[in-house]
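Student: The file below is my_file05.cif, mmCIF, C-alpha atoms:
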```
data_query
loop_
_atom_site.label_atom_id
_atom_site.label_comp_id
_atom_site.auth_asym_id
_atom_site.auth_seq_id
_atom_site.Cartn_x
_atom_site.Cartn_y
_atom_site.Cartn_z
CA MET B 17 34.99 -3.32 -18.23
CA ALA B 18 34.05 -0.57 -15.84
CA VAL B 19 33.43 -0.92 -12.12
CA HIS B 20 30.53 1.04 -10.61
CA GLU B 21 29.18 1.54 -7.12
CA VAL B 22 25.54 1.89 -6.05
CA ASN B 23 24.85 3.29 -2.59
CA ALA B 24 21.57 1.85 -1.31
CA ARG B 25 22.34 2.14 2.41
CA ARG B 26 19.39 2.97 4.71
CA LEU B 27 16.92 2.19 1.94
CA LEU B 28 14.34 -0.52 2.46
CA CYS B 29 13.42 -2.98 -0.27
CA PRO B 30 12.45 -2.57 -3.00
CA MET B 31 14.28 0.78 -3.21
CA PRO B 32 17.77 -0.84 -3.33
CA VAL B 33 16.53 -3.00 -6.21
CA ILE B 34 15.17 0.05 -8.02
CA ARG B 35 18.45 1.96 -7.49
CA THR B 36 20.38 -1.01 -8.85
CA GLN B 37 18.02 -1.47 -11.81
CA ASP B 38 18.16 2.21 -12.75
CA ALA B 39 21.95 2.30 -12.47
CA ILE B 40 22.44 -0.85 -14.56
CA ALA B 41 20.23 0.60 -17.31
CA GLY B 42 23.14 2.95 -18.04
CA TYR B 43 25.90 0.31 -17.96
CA ILE B 44 27.10 -2.14 -20.59
CA PRO B 45 27.39 -5.95 -20.51
CA GLY B 46 30.46 -7.06 -18.59
CA ASP B 47 30.50 -4.08 -16.26
CA GLU B 48 30.80 -4.84 -12.57
CA VAL B 49 28.48 -3.20 -10.06
CA HIS B 50 29.07 -3.11 -6.31
CA VAL B 51 25.80 -2.46 -4.48
CA PHE B 52 26.01 -1.44 -0.82
CA GLY B 53 22.91 -1.73 1.34
CA THR B 54 21.79 -2.15 4.93
CA ASP B 55 18.39 -3.89 4.51
CA PRO B 56 19.12 -7.64 4.78
CA GLY B 57 16.30 -8.15 2.27
CA ILE B 58 18.72 -7.21 -0.51
CA LYS B 59 20.38 -10.59 -0.11
CA GLN B 60 17.25 -12.17 -1.58
CA ASP B 61 15.79 -9.40 -3.70
CA ILE B 62 18.83 -8.28 -5.70
CA PRO B 63 19.81 -11.85 -6.70
CA ALA B 64 16.16 -12.51 -7.65
CA TRP B 65 16.05 -9.33 -9.74
CA CYS B 66 19.35 -10.33 -11.40
CA ARG B 67 18.05 -13.81 -12.20
CA VAL B 68 14.91 -12.55 -13.93
CA ASN B 69 16.74 -9.81 -15.80
CA GLY B 70 19.80 -11.70 -17.01
CA HIS B 71 22.58 -10.46 -14.74
CA SER B 72 24.94 -12.50 -12.55
CA ILE B 73 25.83 -12.28 -8.88
CA ILE B 74 29.58 -12.77 -8.51
CA GLY B 75 29.94 -11.92 -4.85
CA MET B 76 28.13 -11.14 -1.64
CA ILE B 77 29.98 -9.84 1.41
CA ASP B 78 28.62 -9.15 4.91
CA HIS B 79 30.58 -6.18 6.20
CA GLU B 80 30.25 -4.98 9.78
CA ASP B 81 28.05 -2.02 8.82
CA ASP B 82 26.55 -3.01 5.50
CA ILE B 83 26.16 -5.68 2.85
CA GLU B 84 27.98 -5.60 -0.49
CA ILE B 85 26.59 -7.42 -3.51
CA ILE B 86 28.71 -7.63 -6.64
CA ILE B 87 26.92 -7.96 -9.98
CA LYS B 88 28.21 -8.69 -13.47
CA VAL B 89 25.97 -6.90 -15.97
CA GLY B 90 24.49 -9.32 -18.48
CA ASN B 91 23.39 -8.90 -22.07
CA ALA B 92 19.76 -8.45 -21.16
CA SER B 93 19.88 -4.92 -19.78
CA MET A 8 6.88 -13.91 -40.84
CA THR A 9 4.52 -12.06 -38.52
CA GLN A 10 5.91 -9.75 -35.93
CA PRO A 11 5.91 -11.27 -32.41
CA ARG A 12 3.52 -9.33 -30.21
CA LYS A 13 4.58 -8.02 -26.82
CA ALA A 14 2.53 -7.42 -23.69
CA VAL A 15 3.43 -5.72 -20.44
CA ALA A 16 1.76 -7.29 -17.39
CA LEU A 17 1.04 -5.42 -14.17
CA ILE A 18 2.54 -7.75 -11.58
CA SER A 19 1.50 -7.11 -7.96
CA GLY A 20 2.97 -10.29 -6.54
CA GLY A 21 -0.48 -11.78 -5.94
CA LEU A 22 -2.06 -14.74 -7.67
CA ASP A 23 -4.39 -12.99 -10.12
CA SER A 24 -1.75 -10.97 -11.94
CA MET A 25 0.41 -14.07 -12.08
CA LEU A 26 -2.37 -16.09 -13.69
CA ALA A 27 -3.18 -13.32 -16.17
CA ALA A 28 0.43 -13.19 -17.32
CA LYS A 29 0.57 -16.98 -17.53
CA VAL A 30 -2.56 -17.15 -19.72
CA ILE A 31 -1.02 -14.73 -22.21
CA LEU A 32 2.43 -16.29 -22.09
CA ASP A 33 0.83 -19.61 -23.00
CA GLN A 34 -0.52 -18.00 -26.18
CA GLY A 35 3.04 -17.36 -27.36
CA ILE A 36 3.07 -13.64 -26.56
CA HIS A 37 6.30 -12.07 -25.27
CA VAL A 38 5.40 -10.85 -21.78
CA GLU A 39 7.39 -8.67 -19.40
CA GLY A 40 6.22 -7.59 -15.97
CA ILE A 41 5.98 -4.15 -14.44
CA ASN A 42 5.60 -3.50 -10.72
CA PHE A 43 4.99 -0.11 -9.13
CA TYR A 44 6.40 1.00 -5.79
CA THR A 45 4.14 3.56 -4.08
CA GLY A 46 5.82 3.64 -0.65
CA PHE A 47 2.79 1.94 0.90
CA CYS A 48 3.83 -1.62 0.10
CA VAL A 49 3.62 -3.84 3.14
CA GLU A 50 5.78 -6.84 3.21
CA GLY A 51 9.36 -5.83 2.60
CA HIS A 52 9.33 -3.01 5.06
CA THR A 53 7.76 -4.98 7.85
CA HIS A 54 10.38 -7.68 7.44
CA ALA A 55 13.20 -5.18 7.33
CA ILE A 56 12.09 -3.29 10.42
CA ARG A 57 10.73 -5.83 12.87
CA LYS A 58 13.24 -8.17 14.42
CA LYS A 59 10.72 -10.88 15.17
CA ASP A 60 9.81 -11.08 11.48
CA LYS A 61 13.40 -11.58 10.37
CA GLN A 62 13.25 -15.27 11.22
CA LYS A 63 10.67 -15.80 8.48
CA PRO A 64 11.96 -16.40 4.96
CA LYS A 65 11.57 -13.17 3.05
CA ARG A 66 10.92 -12.67 -0.61
CA ASN A 67 9.63 -9.95 -2.90
CA ASN A 68 6.50 -11.56 -4.29
CA ALA A 69 6.57 -9.61 -7.56
CA LEU A 70 10.12 -10.79 -8.26
CA TRP A 71 9.21 -14.29 -7.18
CA THR A 72 6.23 -14.25 -9.57
CA ALA A 73 8.41 -13.08 -12.45
CA GLU A 74 10.90 -15.82 -11.71
CA GLN A 75 8.19 -18.49 -11.67
CA LEU A 76 6.87 -17.23 -15.01
CA GLY A 77 10.33 -16.79 -16.54
CA ILE A 78 9.70 -13.16 -17.45
CA LYS A 79 11.62 -9.94 -16.85
CA LEU A 80 10.33 -7.57 -14.20
CA HIS A 81 10.70 -3.80 -14.19
CA ILE A 82 10.13 -2.14 -10.80
CA ILE A 83 9.14 1.49 -11.08
CA ASP A 84 9.43 4.06 -8.29
CA ILE A 85 6.24 6.15 -8.33
CA VAL A 86 6.47 7.48 -4.76
CA GLU A 87 6.44 11.16 -5.79
CA GLU A 88 3.78 10.93 -8.51
CA TYR A 89 1.58 8.77 -6.30
CA LYS A 90 1.13 11.57 -3.76
CA ASP A 91 -1.38 13.34 -5.96
CA ILE A 92 -3.35 10.11 -6.41
CA LEU A 93 -3.59 9.57 -2.67
CA ILE A 94 -4.22 13.19 -1.72
CA ASN A 95 -6.76 14.02 -4.45
CA PRO A 96 -8.46 10.82 -5.61
CA LYS A 97 -11.00 11.75 -8.26
CA HIS A 98 -13.02 8.62 -7.50
CA GLY A 99 -12.63 8.80 -3.72
CA TYR A 100 -11.39 6.32 -1.15
CA GLY A 101 -12.40 2.74 -0.42
CA ALA A 102 -13.15 1.46 3.08
CA ASN A 103 -10.01 3.11 4.45
CA LEU A 104 -7.65 5.56 2.72
CA ASN A 105 -7.22 3.31 -0.29
CA PRO A 106 -7.83 5.18 -3.55
CA CYS A 107 -8.03 1.87 -5.41
CA LEU A 108 -9.79 3.03 -8.57
CA ASP A 109 -7.58 6.08 -9.08
CA CYS A 110 -4.57 3.92 -8.25
CA LYS A 111 -5.47 1.36 -10.89
CA ILE A 112 -6.12 4.06 -13.50
CA PHE A 113 -2.77 5.65 -12.67
CA MET A 114 -0.84 2.38 -12.84
CA VAL A 115 -2.43 1.32 -16.12
CA ASN A 116 -1.62 4.77 -17.51
CA LYS A 117 2.02 4.41 -16.40
CA ALA A 118 2.15 0.94 -17.92
CA GLN A 119 0.68 2.33 -21.14
CA GLN A 120 3.39 5.00 -21.28
CA TRP A 121 6.05 2.38 -20.59
CA ALA A 122 4.61 0.11 -23.29
CA ARG A 123 4.67 2.91 -25.84
CA GLU A 124 8.26 3.86 -24.99
CA ASN A 125 9.45 0.26 -25.12
CA GLY A 126 7.62 -1.02 -28.17
CA PHE A 127 5.00 -3.15 -26.43
CA ASP A 128 1.58 -3.73 -28.02
CA PHE A 129 -0.81 -4.09 -25.11
CA ILE A 130 -1.24 -4.22 -21.34
CA ILE A 131 -2.57 -7.04 -19.21
CA THR A 132 -3.87 -7.00 -15.65
CA GLY A 133 -5.20 -9.64 -13.28
CA GLU A 134 -8.49 -7.81 -12.72
CA VAL A 135 -11.64 -9.86 -12.23
CA ILE A 136 -15.12 -8.33 -12.34
CA GLY A 137 -16.55 -8.26 -8.82
CA GLN A 138 -13.33 -9.29 -7.11
CA ARG A 139 -12.77 -5.98 -5.31
CA PRO A 140 -15.61 -3.75 -4.07
CA LYS A 141 -14.02 -0.44 -5.08
CA SER A 142 -12.00 -0.93 -8.23
CA GLN A 143 -12.95 -4.25 -9.79
CA ARG A 144 -16.61 -3.86 -10.71
CA LYS A 145 -18.36 -4.16 -14.05
CA GLU A 146 -18.91 -0.37 -14.11
CA THR A 147 -15.27 0.45 -13.32
CA MET A 148 -13.68 -1.74 -16.00
CA PRO A 149 -14.40 0.70 -18.85
CA VAL A 150 -13.57 3.67 -16.60
CA ILE A 151 -10.07 2.28 -16.03
CA ALA A 152 -9.57 1.55 -19.73
CA GLU A 153 -10.73 5.03 -20.78
CA GLU A 154 -9.24 7.24 -18.10
CA SER A 155 -5.87 5.49 -18.24
CA GLY A 156 -5.71 6.10 -21.98
CA ALA A 157 -5.04 2.40 -22.60
CA ASN A 158 -8.55 1.95 -24.08
CA ASP A 159 -8.79 -1.27 -26.07
CA ARG A 160 -5.11 -2.07 -25.56
CA LEU A 161 -5.99 -3.10 -21.99
CA LEU A 162 -6.74 -6.82 -21.78
CA ARG A 163 -7.96 -8.62 -18.65
CA PRO A 164 -7.33 -12.29 -19.48
CA LEU A 165 -9.13 -13.62 -16.39
CA CYS A 166 -12.47 -11.96 -17.16
CA ALA A 167 -12.12 -11.05 -20.85
CA LYS A 168 -15.09 -13.16 -21.89
CA ASN A 169 -17.34 -10.94 -19.77
CA LEU A 170 -16.07 -7.79 -21.48
CA PRO A 171 -16.12 -6.40 -25.03
CA GLU A 172 -13.38 -7.57 -27.37
CA THR A 173 -10.12 -5.67 -27.09
CA LEU A 174 -7.61 -4.86 -29.82
CA PRO A 175 -5.37 -7.90 -29.17
CA GLU A 176 -8.44 -10.15 -29.54
CA ARG A 177 -9.84 -8.43 -32.63
CA GLU A 178 -6.45 -8.48 -34.35
CA GLY A 179 -5.98 -12.15 -33.52
CA TRP A 180 -2.84 -11.55 -31.47
CA VAL A 181 -4.52 -13.56 -28.73
CA ASP A 182 -7.22 -16.21 -29.01
CA ARG A 183 -10.32 -15.02 -27.13
CA SER A 184 -11.59 -18.57 -26.82
CA LYS A 185 -8.59 -19.36 -24.58
CA LEU A 186 -9.26 -16.45 -22.25
CA TYR A 187 -11.43 -16.70 -19.12
CA GLY A 188 -14.79 -15.44 -17.89
CA LEU A 189 -14.26 -15.23 -14.12
CA SER A 190 -16.41 -12.98 -11.97
CA GLY A 191 -17.24 -12.52 -8.30
CA ARG A 192 -15.31 -12.60 -5.06
CA SER A 193 -14.68 -16.35 -4.89
CA ARG A 194 -11.03 -17.37 -5.07
CA LYS A 195 -11.82 -20.96 -6.00
CA PRO A 196 -11.50 -20.50 -9.79
CA GLN A 197 -8.10 -18.87 -9.38
CA ILE A 198 -6.91 -21.65 -7.07
CA ALA A 199 -8.11 -24.21 -9.61
CA MET A 200 -6.27 -22.39 -12.39
CA ALA A 201 -3.11 -22.25 -10.30
CA ASN A 202 -3.32 -25.99 -9.73
CA GLU A 203 -3.92 -26.57 -13.42
CA PHE A 204 -0.84 -24.50 -14.30
CA GLY A 205 1.25 -26.20 -11.62
CA LEU A 206 1.80 -22.95 -9.73
CA GLU A 207 2.47 -23.39 -6.01
CA ASP A 208 3.39 -21.29 -3.01
CA PHE A 209 1.84 -18.16 -4.49
CA ALA A 210 1.01 -15.14 -2.35
CA GLN A 211 -2.61 -14.36 -1.50
CA PRO A 212 -2.65 -11.01 0.30
CA ALA A 213 -6.28 -10.29 1.23
CA GLY A 214 -6.24 -6.54 0.67
CA GLY A 215 -3.44 -6.55 -1.85
CA CYS A 216 -0.05 -5.55 -0.54
CA CYS A 217 -1.00 -1.98 0.31
CA PHE A 218 -0.93 -0.42 3.79
CA LEU A 219 -3.68 1.99 2.73
CA THR A 220 -6.22 -0.84 3.00
CA ASP A 221 -5.20 -1.41 6.63
CA PRO A 222 -7.57 0.40 9.04
CA ASN A 223 -4.89 0.90 11.72
CA TYR A 224 -2.48 2.40 9.24
CA ALA A 225 -5.18 4.58 7.69
CA THR A 226 -6.10 5.92 11.15
CA LYS A 227 -2.48 6.95 11.73
CA LEU A 228 -2.26 8.60 8.32
CA ALA A 229 -5.52 10.50 8.87
CA ASP A 230 -4.26 11.63 12.29
CA MET A 231 -1.03 12.88 10.73
CA TRP A 232 -2.89 14.83 8.05
CA GLN A 233 -5.30 16.30 10.57
CA HIS A 234 -2.58 17.55 12.91
CA GLN A 235 -0.28 18.95 10.28
CA GLY A 236 -3.22 20.74 8.63
CA ASN A 237 -2.67 19.35 5.14
CA LYS A 238 -2.29 16.06 3.32
CA ASN A 239 1.33 16.44 2.25
CA TYR A 240 3.79 13.70 3.13
CA GLU A 241 7.31 12.50 2.50
CA LEU A 242 8.49 8.90 2.26
CA ASP A 243 9.95 9.12 5.78
CA ASP A 244 6.56 10.16 7.17
CA ILE A 245 4.76 7.16 5.74
CA MET A 246 7.55 4.82 6.80
CA LEU A 247 7.29 6.00 10.40
CA LEU A 248 3.55 5.32 10.40
CA LYS A 249 4.47 1.65 9.97
CA VAL A 250 6.67 1.65 13.07
CA GLY A 251 6.05 1.77 16.80
CA ARG A 252 3.21 2.61 19.12
CA HIS A 253 1.82 6.09 18.37
CA VAL A 254 0.56 8.06 21.37
CA ARG A 255 -0.85 11.58 20.97
CA PRO A 256 -1.45 13.35 24.30
CA ASN A 257 -2.44 16.65 22.66
CA ASP A 258 -2.73 18.40 19.33
CA HIS A 259 0.82 19.58 18.94
CA PHE A 260 2.93 16.46 19.37
CA LYS A 261 2.86 12.69 19.42
CA LEU A 262 5.24 10.01 20.64
CA ILE A 263 6.42 7.17 18.43
CA ILE A 264 7.49 4.46 20.86
CA GLY A 265 9.59 1.55 19.56
CA ARG A 266 7.94 -1.78 20.35
CA GLU A 267 10.96 -4.03 20.00
CA GLU A 268 14.65 -4.02 19.18
CA GLY A 269 14.21 -4.05 15.42
CA GLU A 270 11.96 -0.99 15.53
CA ASN A 271 14.31 0.81 17.93
CA ASN A 272 17.20 0.16 15.55
CA PHE A 273 15.20 1.41 12.57
CA MET A 274 14.12 4.55 14.44
CA GLN A 275 17.76 5.33 15.34
CA GLY A 276 18.13 6.55 11.77
CA TYR A 277 15.66 9.37 12.50
CA ARG A 278 17.37 10.81 15.58
CA LYS A 279 18.81 13.75 13.65
CA GLN A 280 15.36 14.78 12.41
CA PHE A 281 13.29 14.37 15.57
CA THR A 282 13.52 15.17 19.24
CA HIS A 283 14.18 11.76 20.77
CA MET A 284 14.07 10.35 24.27
CA ARG A 285 15.29 7.32 26.14
CA VAL A 286 15.09 6.25 29.77
CA LYS A 287 18.63 6.41 31.14
CA ASP A 288 18.65 4.12 34.15
CA TYR A 289 16.43 1.26 32.90
CA ALA A 290 16.05 -0.62 29.66
CA GLY A 291 13.38 0.94 27.47
CA PRO A 292 12.33 1.94 24.00
CA LEU A 293 13.66 4.68 21.79
CA VAL A 294 10.99 7.35 21.43
CA LEU A 295 10.69 9.95 18.69
CA LEU A 296 8.60 13.06 19.26
CA ASP A 297 6.77 14.28 16.18
CA GLY A 298 5.50 17.85 16.34
CA GLU A 299 6.52 20.82 18.45
CA PRO A 300 6.54 19.78 22.11
CA ASP A 301 7.07 22.52 24.69
CA THR A 302 8.69 22.06 28.11
CA ASP A 303 5.47 20.78 29.70
CA ASP A 304 5.00 18.35 26.82
CA LEU A 305 8.52 16.98 27.32
CA ALA A 306 7.80 16.42 31.03
CA LEU A 307 4.60 14.59 30.11
CA ALA A 308 6.38 12.55 27.42
CA ALA A 309 9.03 11.53 29.97
CA ARG A 310 6.30 10.21 32.28
CA ILE A 311 4.73 8.30 29.38
CA ILE A 312 7.91 6.63 28.20
CA GLY A 313 8.71 5.69 31.78
CA ARG A 314 5.56 3.60 31.61
CA PHE A 315 6.98 1.65 28.64
CA SER A 316 10.39 1.03 30.26
CA GLN A 317 11.64 -1.59 32.69
CA GLY A 318 11.49 1.14 35.33
CA LYS A 319 7.72 1.53 35.15
CA MET A 320 7.33 0.62 38.83
CA ALA A 321 10.04 3.03 40.00
CA ASP A 322 9.14 6.16 41.94
CA GLU A 323 11.30 8.24 39.62
CA LEU A 324 13.57 7.73 36.66
CA ASN A 325 15.85 9.81 34.48
CA VAL A 326 14.98 10.39 30.85
CA GLY A 327 17.50 11.69 28.31
CA ILE A 328 16.03 14.14 25.81
CA THR A 329 17.83 15.34 22.70
CA ARG A 330 16.51 17.97 20.34
CA PRO A 331 17.91 17.89 16.78
CA GLY A 332 21.39 19.42 16.73
CA GLU A 333 21.51 19.96 20.49
CA GLU A 334 23.13 18.24 23.46
CA GLU A 335 21.16 15.72 25.49
CA PHE A 336 19.60 16.94 28.75
CA ILE A 337 18.03 14.93 31.53
CA VAL A 338 14.63 15.25 33.14
CA THR A 339 13.48 13.28 36.14
CA ALA A 340 9.96 11.89 35.91
CA LYS A 341 7.55 9.63 37.73
CA PRO A 342 6.34 6.92 35.34
CA MET A 343 2.64 6.96 34.60
CA GLY A 344 0.53 4.21 36.09
CA PRO A 345 -1.15 1.56 33.93
CA SER A 346 -4.47 3.42 33.81
CA ASP A 347 -3.02 6.94 33.56
CA ILE A 348 -2.69 6.90 29.77
CA PRO A 349 -6.18 7.44 28.30
CA GLN A 350 -7.11 4.98 25.58
CA GLU A 351 -7.94 7.84 23.21
CA TRP A 352 -4.28 8.93 23.23
CA TYR A 353 -3.39 5.76 21.30
CA VAL A 354 -3.59 6.55 17.59
#
```
Turn the structure described in the file into structure tokens.
Tutor:
Amino acid sequence: MAVHEVNARRLLCPMPVIRTQDAIAGYIPGDEVHVFGTDPGIKQDIPAWCRVNGHSIIGMIDHEDDIEIIIKVGNAS
Amino acid sequence: MTQPRKAVALISGGLDSMLAAKVILDQGIHVEGINFYTGFCVEGHTHAIRKKDKQKPKRNNALWTAEQLGIKLHIIDIVEEYKDILINPKHGYGANLNPCLDCKIFMVNKAQQWARENGFDFIITGEVIGQRPKSQRKETMPVIAEESGANDRLLRPLCAKNLPETLPEREGWVDRSKLYGLSGRSRKPQIAMANEFGLEDFAQPAGGCCFLTDPNYATKLADMWQHQGNKNYELDDIMLLKVGRHVRPNDHFKLIIGREEGENNFMQGYRKQFTHMRVKDYAGPLVLLDGEPDTDDLALAARIIGRFSQGKMADELNVGITRPGEEEFIVTAKPMGPSDIPQEWYV
């Protein structure tokens, strides 16, 4: 399992979703992806995108300066 | 065993595209959604920028639609490619700066390319004849099919019975008798269909989800194009047209004045690119100056922003001005009176 990071800070939705989607297209099931963003909308949009595309949210952390969402890549990518 | 057929559905987040996908899903076709991001989409940005909107529950309607339908959704960034569509629309603009027909042709073409690359058989849209004055007319339906290159692989399930048979119908992949014959501007048939399908809480944006249909936004975009002398733009330019009060005292600069805390915070991210100003001794907005203001312009701008600060009744106030890459300097200005700012300065 590999761990990846996606920097989506300062981007407004849906760009963080698109960055995440495009990154995950190159990863394999079981990989872990840490997405960092500053638009609070990612707290809804990235989990929604994961639900419809077969990935799992395994963590969501509110840091002082940004939000971190941790995704487990599913079989559906 | 016959091969299962696959359709890609253009999903805007509105009701019609949702219904179109549902009609085809119910015929046993494998459907996946595709949603295009042009940079002019309304809802997400407004929520992200404006503090007062953050209390409302936020959702991406295209993702929500996909989730309700139980289909995958692919969101495609077309910001760069879309510039040519907006700047040079072959079929012209709608009521504002909305190149709806060219936009639809472009999106169907992109969906067609995506379908070919991903092994999908046909494309579906939520178009209804007569629903939109620019792009959804009886005459434009074949134009979209032909100019996009999708031809008879483009199926409009909501109005298919008013149109010639398409490949999926002729081949028996879908049953034409179970498609619909909607036409006109009324929303009642779509609402009835939604009720029949048990779909609730769907989005109904009147002009779609596109800022280009908004007259206020289109005025700001036209003003930007006029004063820069060409129609080029970057994503940051079109984002800033969504933010603040725009005041143009003359041809070579304008002020973008934050209207509330959320906008001020968003505009902070642009301080390295723009000359920016803030009243020092009273609460007030962050102001970005777009253009090439000279010393007299800065003095005028200081008087204007004084008007929008808590010190608007003061005889004088201090305004901090910072040019990109330089140290802040202070000018002292008398705030303009309520009638000193001509209405025509407001873009």
Student: Please write the residues picked by the PyMOL selection byres ((chain B and resi 77) around 12) on this file as a ChimeraX atom specification.
Tutor: /B:50-54,56,58-59,73-76,78-87
Student: Decode the PyMOL selection byres ((chain A and resi 31) around 12) for the given file into explicit residues and return them as a PyMOL selection string.
Tutor: chain A and resi 12-16+24-30+32-40+76+78+129-133+162-165+167+175-176+180-183+185-187
Student: So what do you get for CA of Asn95 (chain A) versus CA of Arg139 (chain A), distance-wise?
Tutor: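 Separating CA of Asn95 (chain A) from CA of Arg139 (chain A) is a distance of 20.9 Å.
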Student: Provide as an mmCIF file with C-alpha atoms, in the coordinates of the input the residues of chain B at most 12 Å from chain A, counting only C-alpha atoms.
Tutor:
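iface_20.cif, freshly written:
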```cif
data_model
loop_
_atom_site.group_PDB
_atom_site.id
_atom_site.type_symbol
_atom_site.label_atom_id
_atom_site.label_comp_id
_atom_site.auth_asym_id
_atom_site.auth_seq_id
_atom_site.Cartn_x
_atom_site.Cartn_y
_atom_site.Cartn_z
ATOM 1 C CA ARG B 25 22.340 2.140 2.410
ATOM 2 C CA ARG B 26 19.390 2.970 4.710
ATOM 3 C CA LEU B 27 16.920 2.190 1.940
ATOM 4 C CA LEU B 28 14.340 -0.520 2.460
ATOM 5 C CA CYS B 29 13.420 -2.980 -0.270
ATOM 6 C CA PRO B 30 12.450 -2.570 -3.000
ATOM 7 C CA MET B 31 14.280 0.780 -3.210
ATOM 8 C CA PRO B 32 17.770 -0.840 -3.330
ATOM 9 C CA VAL B 33 16.530 -3.000 -6.210
ATOM 10 C CA ILE B 34 15.170 0.050 -8.020
ATOM 11 C CA ARG B 35 18.450 1.960 -7.490
ATOM 12 C CA THR B 36 20.380 -1.010 -8.850
ATOM 13 C CA GLN B 37 18.020 -1.470 -11.810
ATOM 14 C CA ASP B 38 18.160 2.210 -12.750
ATOM 15 C CA ALA B 41 20.230 0.600 -17.310
ATOM 16 C CA GLY B 53 22.910 -1.730 1.340
ATOM 17 C CA THR B 54 21.790 -2.150 4.930
ATOM 18 C CA ASP B 55 18.390 -3.890 4.510
ATOM 19 C CA PRO B 56 19.120 -7.640 4.780
ATOM 20 C CA GLY B 57 16.300 -8.150 2.270
ATOM 21 C CA ILE B 58 18.720 -7.210 -0.510
ATOM 22 C CA LYS B 59 20.380 -10.590 -0.110
ATOM 23 C CA GLN B 60 17.250 -12.170 -1.580
ATOM 24 C CA ASP B 61 15.790 -9.400 -3.700
ATOM 25 C CA ILE B 62 18.830 -8.280 -5.700
ATOM 26 C CA PRO B 63 19.810 -11.850 -6.700
ATOM 27 C CA ALA B 64 16.160 -12.510 -7.650
ATOM 28 C CA TRP B 65 16.050 -9.330 -9.740
ATOM 29 C CA CYS B 66 19.350 -10.330 -11.400
ATOM 30 C CA ARG B 67 18.050 -13.810 -12.200
ATOM 31 C CA VAL B 68 14.910 -12.550 -13.930
ATOM 32 C CA ASN B 69 16.740 -9.810 -15.800
ATOM 33 C CA GLY B 70 19.800 -11.700 -17.010
ATOM 34 C CA HIS B 71 22.580 -10.460 -14.740
ATOM 35 C CA ALA B 92 19.760 -8.450 -21.160
ATOM 36 C CA SER B 93 19.880 -4.920 -19.780
#
```
Student: Could you tell me which of A:Ala199, A:Val354, A:Met343, A:Leu324 comes closest to Ile264 (chain A) if we count all atoms listed in the file?
Tutor: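 The shortest atom-to-atom distance to Ile264 (chain A) comes from A:Val354.
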Student: Env of Ile112 (chain A): 9 Å cut, atoms = only C-alpha atoms, seq-sep filter 5 positions within chain, self excluded. Answer as a ChimeraX atom specification.
Tutor: /A:107,117,150-156
Student: Around (-9.7, -1.5, -9.7), as given in the file, which residues come within 9 Å? Count all atoms listed in the file and list them as a ChimeraX atom specification.
Tutor: /A:107-112,134-135,138-144,147-148,151
Student: Could you name the residues that touch Leu242 (chain A) at 10 Å or less, counting all atoms listed in the file, but leaving out those on the same chain fewer than 6 positions away, as a PyMOL selection string?
Tutor: chain A and resi 45-47+86-87+90
Student: So, counting only C-alpha atoms, which residue among A:Pro349, A:Gly126, A:Gly191, A:Gly179 is closest to Lys145 (chain A)?
Tutor: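 Closest residue, counting only C-alpha atoms: A:Gly191.
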Student: Can you work out which one of A:Gly318, A:Ile337, A:Glu241, A:Cys166 has the shortest atom-to-atom distance to Gln197 (chain A), counting all atoms listed in the file?
Tutor: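 That would be A:Cys166, the residue with the smallest distance to Gln197 (chain A).
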Student: Could you spell out the hits of the PyMOL selection byres ((chain A and resi 223) around 12) on the shown file, as a PyMOL selection string?
Tutor: chain A and resi 102-104+218-222+224-230+248-250+252-253+353-354
Student: Take CA of Gly137 (chain A) and CA of Ala201 (chain A) and report the distance between them in Å, one decimal.
Tutor: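 Value for the CA of Gly137 (chain A)-CA of Ala201 (chain A) distance: 19.5 Å.
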Student: To one decimal place, how far is CA of Gly90 (chain B) from CA of Gly46 (chain B) in Å?
Tutor: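 The value is 6.4 Å.
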Student: So which residues touch Val89 (chain B) within 7 Å, counting only C-alpha atoms, skipping near sequence neighbours fewer than 4 positions away, as a list in words?
Tutor: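 Residues meeting the cut-off are Ile44, Pro45, Gly46, Asp47, Glu48, His71 and Ser72 of chain B.
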